[in-house]
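Dumped protein.cif below, it's mmCIF, C-alpha atoms:
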```cif
data_work
#
loop_
_atom_site.label_atom_id
_atom_site.label_comp_id
_atom_site.auth_asym_id
_atom_site.auth_seq_id
_atom_site.Cartn_x
_atom_site.Cartn_y
_atom_site.Cartn_z
CA MET E 1499 -53.41 67.74 -32.76
CA SER E 1500 -52.38 64.65 -30.82
CA ILE E 1501 -53.35 64.30 -27.26
CA ASN E 1502 -50.19 63.59 -25.44
CA SER E 1503 -50.59 61.54 -22.29
CA ASN E 1504 -47.91 63.67 -20.93
CA THR E 1505 -50.03 66.74 -21.16
CA ILE E 1506 -53.12 65.02 -19.69
CA ASN E 1507 -51.35 63.57 -16.68
CA ARG E 1508 -49.46 66.62 -15.95
CA THR E 1509 -50.45 68.04 -12.69
CA GLY E 1510 -49.07 71.11 -11.10
CA GLY E 1511 -45.35 71.04 -11.62
CA ASN E 1512 -45.52 70.16 -15.31
CA PRO E 1513 -42.66 67.56 -15.49
CA ALA E 1514 -40.81 67.02 -18.79
CA PRO E 1515 -40.53 63.44 -20.30
CA SER E 1516 -37.10 62.74 -18.79
CA ASP E 1517 -38.43 63.79 -15.42
CA LYS E 1518 -41.25 61.33 -15.83
CA ASN E 1519 -38.79 58.53 -16.26
CA LYS E 1520 -37.01 59.72 -13.17
CA ALA E 1521 -40.23 59.63 -11.24
CA LEU E 1522 -41.00 56.09 -12.35
CA ALA E 1523 -37.50 54.97 -11.40
CA ALA E 1524 -37.88 56.53 -7.99
CA LYS E 1525 -41.21 54.75 -7.49
CA LYS E 1526 -39.64 51.41 -8.44
CA ALA E 1527 -36.72 52.01 -6.10
CA ALA E 1528 -39.05 52.80 -3.25
CA LEU E 1529 -41.16 49.70 -3.76
CA LYS E 1530 -38.55 47.11 -4.78
CA GLY E 1531 -35.26 48.35 -3.33
CA VAL E 1532 -32.10 49.30 -5.18
CA ASN E 1533 -30.07 46.08 -4.85
CA GLY E 1534 -31.46 44.16 -7.75
CA GLN E 1535 -33.32 40.90 -7.31
CA LYS E 1536 -32.09 37.33 -7.63
CA ALA E 1537 -33.90 35.17 -10.10
CA ARG E 1538 -35.59 32.34 -8.19
CA LYS E 1539 -34.86 28.83 -9.51
CA ILE E 1540 -37.86 26.90 -10.69
CA ARG E 1541 -38.08 23.63 -8.74
CA THR E 1542 -39.88 20.95 -10.67
CA SER E 1543 -39.53 18.22 -8.01
CA THR E 1544 -40.21 18.10 -4.29
CA THR E 1545 -36.92 16.27 -3.60
CA PHE E 1546 -33.78 18.20 -2.80
CA ASN E 1547 -30.61 16.36 -3.89
CA ARG E 1548 -27.12 17.36 -2.78
CA PRO E 1549 -25.60 19.53 -5.52
CA LYS E 1550 -22.54 18.02 -7.19
CA THR E 1551 -19.32 19.77 -6.13
CA LEU E 1552 -15.70 19.51 -7.24
CA LYS E 1553 -13.92 16.30 -6.21
CA LEU E 1554 -10.15 16.63 -6.45
CA ALA E 1555 -7.90 13.61 -6.92
CA ARG E 1556 -5.21 12.96 -4.32
CA SER E 1557 -1.79 14.55 -4.81
CA PRO E 1558 0.18 13.56 -1.73
CA LYS E 1559 3.27 15.47 -0.67
CA TYR E 1560 5.06 12.24 0.16
CA ALA E 1561 4.42 8.54 -0.26
CA ARG E 1562 3.30 6.97 3.01
CA LYS E 1563 5.14 3.73 2.27
CA SER E 1564 8.50 4.26 0.63
CA VAL E 1565 8.15 1.34 -1.75
CA PRO E 1566 5.18 -0.97 -2.34
CA HIS E 1567 5.68 -4.53 -1.08
CA VAL E 1568 6.45 -7.40 -3.45
CA PRO E 1569 3.38 -9.62 -3.82
CA ARG E 1570 3.14 -11.52 -0.56
CA LEU E 1571 1.40 -14.67 -1.81
CA ASP E 1572 3.51 -15.78 -4.76
CA GLN E 1573 3.34 -19.20 -6.41
CA TYR E 1574 5.99 -20.61 -4.10
CA LYS E 1575 3.98 -19.61 -1.08
CA VAL E 1576 0.64 -20.89 -2.39
CA LEU E 1577 1.59 -24.53 -2.98
CA LYS E 1578 3.32 -25.82 0.10
CA THR E 1579 3.75 -29.56 -0.36
CA PRO E 1580 2.03 -32.37 -2.23
CA LEU E 1581 0.35 -35.16 -0.28
CA ASN E 1582 1.25 -38.79 -0.89
CA THR E 1583 -0.98 -40.52 1.65
CA GLU E 1584 -2.90 -43.63 0.66
CA SER E 1585 -6.10 -41.74 -0.07
CA ALA E 1586 -4.16 -39.11 -2.00
CA MET E 1587 -2.54 -41.83 -4.12
CA LYS E 1588 -5.97 -43.25 -4.77
CA LYS E 1589 -7.07 -39.86 -6.07
CA ILE E 1590 -4.05 -39.66 -8.35
CA GLU E 1591 -4.64 -43.04 -9.93
CA GLU E 1592 -8.42 -43.10 -10.14
CA ASN E 1593 -9.60 -39.49 -10.42
CA ASN E 1594 -6.67 -37.87 -12.21
CA THR E 1595 -6.28 -35.36 -9.39
CA LEU E 1596 -3.33 -34.15 -7.40
CA VAL E 1597 -3.62 -33.38 -3.72
CA PHE E 1598 -1.65 -30.50 -2.28
CA ILE E 1599 -1.32 -28.74 1.02
CA VAL E 1600 -1.74 -25.06 0.14
CA ASP E 1601 -1.55 -21.81 2.06
CA VAL E 1602 -4.72 -21.01 4.01
CA LYS E 1603 -4.95 -17.56 2.50
CA SER E 1604 -4.97 -18.81 -1.09
CA ASN E 1605 -8.11 -19.23 -3.15
CA LYS E 1606 -8.92 -21.68 -5.94
CA ARG E 1607 -7.94 -19.28 -8.68
CA GLN E 1608 -4.56 -18.64 -7.11
CA ILE E 1609 -4.03 -22.38 -6.69
CA LYS E 1610 -4.77 -22.93 -10.38
CA ASP E 1611 -2.33 -20.20 -11.43
CA ALA E 1612 0.37 -21.40 -9.07
CA LEU E 1613 0.14 -24.93 -10.44
CA LYS E 1614 0.41 -23.58 -13.95
CA LYS E 1615 3.47 -21.51 -13.12
CA MET E 1616 5.30 -24.12 -11.10
CA TYR E 1617 4.62 -27.33 -13.02
CA ASP E 1618 3.08 -26.18 -16.31
CA VAL E 1619 -0.10 -28.21 -15.79
CA THR E 1620 -3.64 -26.94 -16.35
CA ALA E 1621 -6.21 -27.68 -13.69
CA LEU E 1622 -9.74 -28.56 -14.63
CA LYS E 1623 -11.19 -27.78 -11.23
CA VAL E 1624 -10.01 -27.27 -7.67
CA ASN E 1625 -11.77 -28.33 -4.49
CA THR E 1626 -10.47 -27.07 -1.19
CA LEU E 1627 -11.03 -27.80 2.44
CA ILE E 1628 -9.43 -26.65 5.66
CA ARG E 1629 -8.03 -29.48 7.72
CA PRO E 1630 -8.55 -29.66 11.45
CA ASP E 1631 -4.87 -28.87 11.96
CA GLY E 1632 -5.32 -25.52 10.24
CA ASN E 1633 -3.83 -26.14 6.80
CA LYS E 1634 -5.72 -26.03 3.56
CA LYS E 1635 -5.90 -29.09 1.36
CA ALA E 1636 -6.59 -28.73 -2.34
CA TYR E 1637 -7.84 -31.49 -4.61
CA ILE E 1638 -6.75 -30.38 -8.06
CA LYS E 1639 -8.37 -32.22 -10.94
CA LEU E 1640 -6.22 -32.15 -14.07
CA THR E 1641 -7.44 -31.97 -17.66
CA ALA E 1642 -8.01 -35.30 -19.39
CA ASP E 1643 -5.05 -34.90 -21.73
CA VAL E 1644 -2.51 -35.18 -18.88
CA ASP E 1645 -2.05 -38.13 -16.55
CA ALA E 1646 -1.82 -37.24 -12.88
CA LEU E 1647 0.54 -40.16 -12.27
CA ASP E 1648 3.01 -38.83 -14.85
CA VAL E 1649 2.85 -35.36 -13.40
CA ALA E 1650 3.41 -36.72 -9.90
CA ASN E 1651 6.46 -38.63 -11.13
CA LYS E 1652 7.76 -35.53 -12.84
CA ILE E 1653 7.29 -33.44 -9.71
CA GLY E 1654 9.05 -36.19 -7.79
CA PHE E 1655 6.87 -37.24 -4.90
CA ILE E 1656 5.63 -40.59 -6.02
CA MET X 1265 26.00 -23.06 -4.67
CA ALA X 1266 27.24 -23.64 -1.11
CA ALA X 1267 25.30 -20.86 0.59
CA PRO X 1268 26.08 -17.42 -0.87
CA LYS X 1269 27.85 -15.02 1.44
CA ALA X 1270 26.28 -11.65 2.13
CA TYR X 1271 29.28 -9.60 1.04
CA GLU X 1272 29.32 -11.44 -2.26
CA LEU X 1273 25.62 -10.75 -2.74
CA ARG X 1274 26.08 -7.03 -2.19
CA THR X 1275 28.23 -6.76 -5.30
CA LYS X 1276 25.35 -7.99 -7.48
CA ASN X 1277 22.68 -5.79 -8.96
CA LYS X 1278 18.94 -6.07 -8.38
CA ALA X 1279 18.15 -8.20 -11.47
CA GLU X 1280 20.76 -10.79 -10.56
CA LEU X 1281 19.58 -10.89 -6.98
CA THR X 1282 15.94 -11.45 -7.94
CA LYS X 1283 17.01 -14.20 -10.31
CA GLN X 1284 19.01 -15.86 -7.56
CA LEU X 1285 16.02 -15.53 -5.26
CA GLU X 1286 13.83 -17.34 -7.78
CA GLU X 1287 16.34 -20.15 -8.11
CA LEU X 1288 16.60 -20.56 -4.36
CA LYS X 1289 12.82 -20.67 -4.00
CA GLN X 1290 12.57 -23.34 -6.66
CA GLU X 1291 15.24 -25.34 -4.89
CA LEU X 1292 13.32 -25.03 -1.66
CA ALA X 1293 10.11 -26.20 -3.33
CA SER X 1294 11.84 -29.28 -4.76
CA LEU X 1295 13.43 -30.05 -1.39
CA LYS X 1296 10.03 -29.91 0.29
CA VAL X 1297 8.65 -32.34 -2.27
CA GLN X 1298 11.56 -34.70 -1.61
CA LYS X 1299 10.89 -34.47 2.09
CA VAL X 1300 7.37 -35.74 1.48
CA ALA X 1301 8.73 -38.51 -0.75
CA GLY X 1302 11.19 -39.61 1.94
CA GLY X 1303 14.41 -37.87 0.94
CA SER X 1304 17.89 -38.66 2.23
CA ALA X 1305 19.21 -37.00 5.40
CA GLY X 1306 21.58 -34.82 3.37
CA LYS X 1307 18.69 -33.37 1.43
CA LEU X 1308 16.67 -32.70 4.54
CA THR X 1309 19.41 -30.75 6.30
CA LYS X 1310 19.85 -28.69 3.19
CA ILE X 1311 16.36 -27.25 3.66
CA SER X 1312 17.39 -25.01 6.53
CA ALA X 1313 20.46 -23.79 4.63
CA VAL X 1314 18.34 -22.84 1.64
CA ARG X 1315 15.82 -21.03 3.82
CA LYS X 1316 18.58 -18.96 5.39
CA SER X 1317 20.04 -18.20 1.96
CA ILE X 1318 16.67 -16.90 0.82
CA ALA X 1319 16.55 -14.71 3.90
CA ARG X 1320 20.04 -13.45 3.19
CA VAL X 1321 19.21 -12.49 -0.40
CA MET X 1322 16.03 -10.72 0.66
CA THR X 1323 17.92 -8.85 3.37
CA VAL X 1324 20.50 -7.61 0.89
CA ILE X 1325 17.79 -6.60 -1.55
CA THR X 1326 15.84 -4.54 0.98
CA GLN X 1327 18.95 -3.06 2.56
CA THR X 1328 20.27 -1.74 -0.73
CA GLN X 1329 16.79 -0.58 -1.73
CA ARG X 1330 16.32 1.44 1.44
CA ALA X 1331 19.81 2.91 1.24
CA GLN X 1332 19.09 4.10 -2.30
CA LEU X 1333 15.76 5.54 -1.20
CA ARG X 1334 17.36 7.48 1.62
CA LEU X 1335 19.78 9.00 -0.86
CA PHE X 1336 16.89 9.90 -3.10
CA TYR X 1337 14.98 11.61 -0.30
CA GLN X 1338 17.99 13.40 1.17
CA LYS X 1339 17.22 16.78 -0.33
CA LYS X 1340 13.47 16.59 0.03
CA ASN X 1341 11.24 18.02 2.73
CA PHE X 1342 9.07 15.03 3.52
CA LEU X 1343 10.21 11.46 3.99
CA PRO X 1344 7.98 8.45 3.66
CA LEU X 1345 6.87 7.30 7.09
CA ASP X 1346 8.87 4.09 7.12
CA LEU X 1347 12.10 5.98 6.46
CA ARG X 1348 11.55 8.35 9.34
CA VAL X 1349 12.97 7.85 12.79
CA LYS X 1350 10.93 5.28 14.71
CA LYS X 1351 11.96 5.55 18.42
CA THR X 1352 8.66 5.83 20.31
CA ARG X 1353 5.47 7.74 19.68
CA ALA X 1354 6.04 9.99 22.70
CA ILE X 1355 9.64 10.77 21.72
CA ARG X 1356 8.55 11.72 18.24
CA ARG X 1357 6.13 14.23 19.70
CA ARG X 1358 8.61 15.89 22.02
CA LEU X 1359 10.08 19.34 21.29
CA THR X 1360 13.30 19.08 19.37
CA LYS X 1361 16.53 20.01 21.11
CA HIS X 1362 16.59 23.30 19.27
CA GLU X 1363 12.95 24.10 19.98
CA ALA X 1364 13.39 23.47 23.68
CA SER X 1365 16.49 25.69 23.94
CA VAL X 1366 15.02 28.74 22.22
CA LYS X 1367 14.79 31.84 24.46
CA THR X 1368 13.14 35.21 24.04
CA VAL X 1369 15.38 38.20 23.44
CA LYS X 1370 14.24 39.56 26.78
CA GLN X 1371 15.39 36.40 28.53
CA GLN X 1372 18.71 36.40 26.67
CA LYS X 1373 19.41 39.92 27.83
CA LYS X 1374 18.55 39.05 31.40
CA ASP X 1375 20.91 36.08 31.31
CA ILE X 1376 23.72 38.22 30.01
CA HIS X 1377 23.30 41.05 32.45
CA PHE X 1378 22.28 39.13 35.54
CA PRO X 1379 23.96 35.75 35.46
CA LEU X 1380 23.95 33.44 38.45
CA ARG X 1381 26.85 34.56 40.60
CA LYS X 1382 29.06 32.20 42.48
CA TYR X 1383 30.33 33.17 45.89
CA ALA X 1384 32.88 31.63 48.16
CA VAL X 1385 33.70 32.27 51.75
CA LYS X 1386 37.32 33.11 52.35
CA ALA X 1387 38.87 30.49 54.58
#
```
Give the structure from the file, written as structure tokens.
Amino acid sequence: MSINSNTINRTGGNPAPSDKNKALAAKKAALKGVNGQKARKIRTSTTFNRPKTLKLARSPKYARKSVPHVPRLDQYKVLKTPLNTESAMKKIEENNTLVFIVDVKSNKRQIKDALKKMYDVTALKVNTLIRPDGNKKAYIKLTADVDALDVANKIGFI
Amino acid sequence: MAAPKAYELRTKNKAELTKQLEELKQELASLKVQKVAGGSAGKLTKISAVRKSIARVMTVITQTQRAQLRLFYQKKNFLPLDLRVKKTRAIRRRLTKHEASVKTVKQQKKDIHFPLRKYAVKA
């Protein structure tokens, strides 16, 4: 004869097993509420970082500019004119460099590329300065295998 | 090439025009070099002609480009901003002619039934 906890705990009223479950459920509802509880996240660090959200790419309804501009600083704009002053001629003969007036907005890399495109000459290095009258002067040293004097003759400003 | 005329340029297509533009720019570069090297007077006067030719070619290029774009955007809802009407900022923000003339039904009925009468005194 097994002692059933049911029989021991039964007080006046004598509830059946299913009723017991009902009673327990009612107790839980009374204590914890019926809405269900959210699981709390475990935070392992004291720092709170902004959570990553969706970042959409742009999909404009119309282009703001109808057509993108052609490149504004092309090779013809970079190199303005060569210089053939006395000191420039000295540079050509002695240091194998050409001296050009270039656009103020151009940088040494652009000057190198422009020279390559216009006259098919490779530059070894470029030094620039801005003259007091506002133009940029570029001293363009050529590689040893070309002669600056020949190139100057070919360009035509000797 | 004795300064291209604009109406002749308009018959060309874009590739030909860009090629001509390149040639003109090269000519300008060589003229500038000759100026430094003490060129003849004939060469120096040519510089301004070449500059204007370059301007002419660029004008034709952009004009045809924009005309084509306007055709392309004719059926669409939104134009790019540089193809829209420019006028002035204030004018662009005004009510359109249609928006300003719109009346409520109530007002329309009033206008029909109680128009402004004109009277004259008999001489």
Atom-to-atom span, atom CA of E:Ile1638 and atom CA of E:Asn1625, Å =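 Computing it gives 6.5 Å between the two atoms.
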Do you know which residues the PyMOL selection byres ((chain X) within 9 of (chain E)) returns on this file, as a PyMOL selection string?
-> chain X and resi 1289-1290+1292-1294+1296-1302+1329-1330+1333+1341-1347
Applying the PyMOL selection byres ((chain E and resi 1607) around 12) to the file I just gave you, which residues come out? Please list them as a compact mmCIF listing (two decimals) with C-alpha atoms, in the coordinates of the input.
```txt
# COMPACT_ATOMS: atom_id res chain seq x y z
CA GLN E 1573 3.34 -19.20 -6.41
CA VAL E 1576 0.64 -20.89 -2.39
CA LYS E 1603 -4.95 -17.56 2.50
CA SER E 1604 -4.97 -18.81 -1.09
CA ASN E 1605 -8.11 -19.23 -3.15
CA LYS E 1606 -8.92 -21.68 -5.94
CA GLN E 1608 -4.56 -18.64 -7.11
CA ILE E 1609 -4.03 -22.38 -6.69
CA LYS E 1610 -4.77 -22.93 -10.38
CA ASP E 1611 -2.33 -20.20 -11.43
CA ALA E 1612 0.37 -21.40 -9.07
CA LEU E 1613 0.14 -24.93 -10.44
CA LYS E 1614 0.41 -23.58 -13.95
CA THR E 1620 -3.64 -26.94 -16.35
CA ALA E 1621 -6.21 -27.68 -13.69
CA LEU E 1622 -9.74 -28.56 -14.63
CA LYS E 1623 -11.19 -27.78 -11.23
CA VAL E 1624 -10.01 -27.27 -7.67
CA ASN E 1625 -11.77 -28.33 -4.49
CA THR E 1626 -10.47 -27.07 -1.19
CA ALA E 1636 -6.59 -28.73 -2.34
CA ILE E 1638 -6.75 -30.38 -8.06
```
Residue contacts of X:Glu1272 (12 Å, all atoms listed in the file) excluding same-chain residues fewer than 3 positions away, as a PyMOL selection string | chain X and resi 1267-1269+1275-1277+1280-1281+1320-1321+1324
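Pairwise distance (atom CA of E:Pro1558, atom CA of X:His1362) equals 28.4 Å.
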Point-to-point distance from atom CA of E:Lys1588 to atom CA of E:Ala1646, Å rounded to tenths | 10.9 Å
Decode the PyMOL selection byres ((chain X and resi 1322) around 12) for the given file into explicit residues and return them as a PyMOL selection string.
-> (chain E and resi 1568) or (chain X and resi 1270+1273-1274+1278+1281-1286+1288-1289+1315-1321+1323-1329)
Of the residues E:Ser1585, E:Ser1516, E:Thr1595, E:Thr1542, which is the one nearest to E:Thr1641, using all atoms listed in the file?
->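 So, comparing all the options, the nearest one is E:Thr1595.
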Keeping all heavy atoms, write stretch 1582-1593 of chain E of the structure just shown out as a short mmCIF file (atom, residue, chain, number, x, y, z; two decimals), in the first residue's frame.
```cif
data_model
loop_
_atom_site.label_atom_id
_atom_site.label_comp_id
_atom_site.auth_asym_id
_atom_site.auth_seq_id
_atom_site.Cartn_x
_atom_site.Cartn_y
_atom_site.Cartn_z
N ASN E 1582 61.88 78.86 -71.05
CA ASN E 1582 63.20 78.85 -71.70
C ASN E 1582 64.04 80.05 -71.27
O ASN E 1582 64.75 80.65 -72.06
CB ASN E 1582 63.07 78.79 -73.22
CG ASN E 1582 62.42 80.03 -73.78
OD1 ASN E 1582 61.96 80.89 -73.03
ND2 ASN E 1582 62.36 80.12 -75.10
N THR E 1583 63.94 80.38 -69.97
CA THR E 1583 64.80 81.44 -69.43
C THR E 1583 66.23 80.92 -69.30
O THR E 1583 66.49 79.72 -69.49
CB THR E 1583 64.30 81.85 -68.04
OG1 THR E 1583 64.23 80.68 -67.23
CG2 THR E 1583 62.93 82.47 -68.13
N GLU E 1584 67.14 81.81 -68.97
CA GLU E 1584 68.55 81.40 -68.89
C GLU E 1584 68.74 80.31 -67.86
O GLU E 1584 69.43 79.31 -68.11
CB GLU E 1584 69.42 82.61 -68.53
CG GLU E 1584 69.75 83.47 -69.73
CD GLU E 1584 70.66 84.63 -69.33
OE1 GLU E 1584 71.33 84.54 -68.27
OE2 GLU E 1584 70.70 85.62 -70.08
N SER E 1585 68.13 80.49 -66.68
CA SER E 1585 68.32 79.48 -65.63
C SER E 1585 67.63 78.18 -66.01
O SER E 1585 68.11 77.09 -65.67
CB SER E 1585 67.82 79.99 -64.28
OG SER E 1585 66.51 80.47 -64.40
N ALA E 1586 66.51 78.28 -66.75
CA ALA E 1586 65.86 77.05 -67.19
C ALA E 1586 66.73 76.31 -68.20
O ALA E 1586 66.83 75.08 -68.17
CB ALA E 1586 64.50 77.38 -67.80
N MET E 1587 67.39 77.08 -69.10
CA MET E 1587 68.26 76.43 -70.09
C MET E 1587 69.43 75.76 -69.40
O MET E 1587 69.87 74.67 -69.79
CB MET E 1587 68.80 77.48 -71.09
CG MET E 1587 67.73 78.16 -71.91
SD MET E 1587 66.55 77.02 -72.63
CE MET E 1587 67.56 76.17 -73.79
N LYS E 1588 69.90 76.41 -68.33
CA LYS E 1588 70.99 75.81 -67.57
C LYS E 1588 70.57 74.45 -67.02
O LYS E 1588 71.31 73.47 -67.05
CB LYS E 1588 71.37 76.75 -66.42
CG LYS E 1588 72.75 76.58 -65.91
CD LYS E 1588 73.17 77.78 -65.06
CE LYS E 1588 74.49 77.45 -64.38
NZ LYS E 1588 74.65 78.06 -63.07
N LYS E 1589 69.35 74.39 -66.51
CA LYS E 1589 68.83 73.15 -65.95
C LYS E 1589 68.74 72.06 -67.03
O LYS E 1589 69.02 70.89 -66.78
CB LYS E 1589 67.43 73.37 -65.37
CG LYS E 1589 67.44 74.04 -64.03
CD LYS E 1589 67.40 72.99 -62.93
CE LYS E 1589 67.39 73.64 -61.57
NZ LYS E 1589 68.55 73.32 -60.78
N ILE E 1590 68.34 72.49 -68.23
CA ILE E 1590 68.19 71.50 -69.31
C ILE E 1590 69.55 70.89 -69.64
O ILE E 1590 69.69 69.66 -69.76
CB ILE E 1590 67.58 72.16 -70.56
CG1 ILE E 1590 66.12 72.55 -70.31
CG2 ILE E 1590 67.67 71.22 -71.75
CD1 ILE E 1590 65.45 73.22 -71.47
N GLU E 1591 70.55 71.78 -69.78
CA GLU E 1591 71.85 71.26 -70.22
C GLU E 1591 72.57 70.49 -69.13
O GLU E 1591 73.13 69.43 -69.36
CB GLU E 1591 72.72 72.43 -70.71
CG GLU E 1591 72.24 73.00 -72.05
CD GLU E 1591 72.65 74.45 -72.19
OE1 GLU E 1591 73.57 74.87 -71.46
OE2 GLU E 1591 72.05 75.17 -73.01
N GLU E 1592 72.54 71.05 -67.91
CA GLU E 1592 73.39 70.46 -66.86
C GLU E 1592 72.68 69.36 -66.07
O GLU E 1592 73.28 68.36 -65.73
CB GLU E 1592 73.86 71.57 -65.92
CG GLU E 1592 74.79 72.55 -66.61
CD GLU E 1592 75.25 73.63 -65.64
OE1 GLU E 1592 75.05 73.44 -64.42
OE2 GLU E 1592 75.78 74.65 -66.09
N ASN E 1593 71.39 69.58 -65.73
CA ASN E 1593 70.76 68.63 -64.81
C ASN E 1593 69.78 67.69 -65.50
O ASN E 1593 69.08 66.95 -64.81
CB ASN E 1593 69.99 69.40 -63.71
CG ASN E 1593 70.91 70.29 -62.93
OD1 ASN E 1593 71.51 71.20 -63.49
ND2 ASN E 1593 71.01 70.05 -61.63
#
```
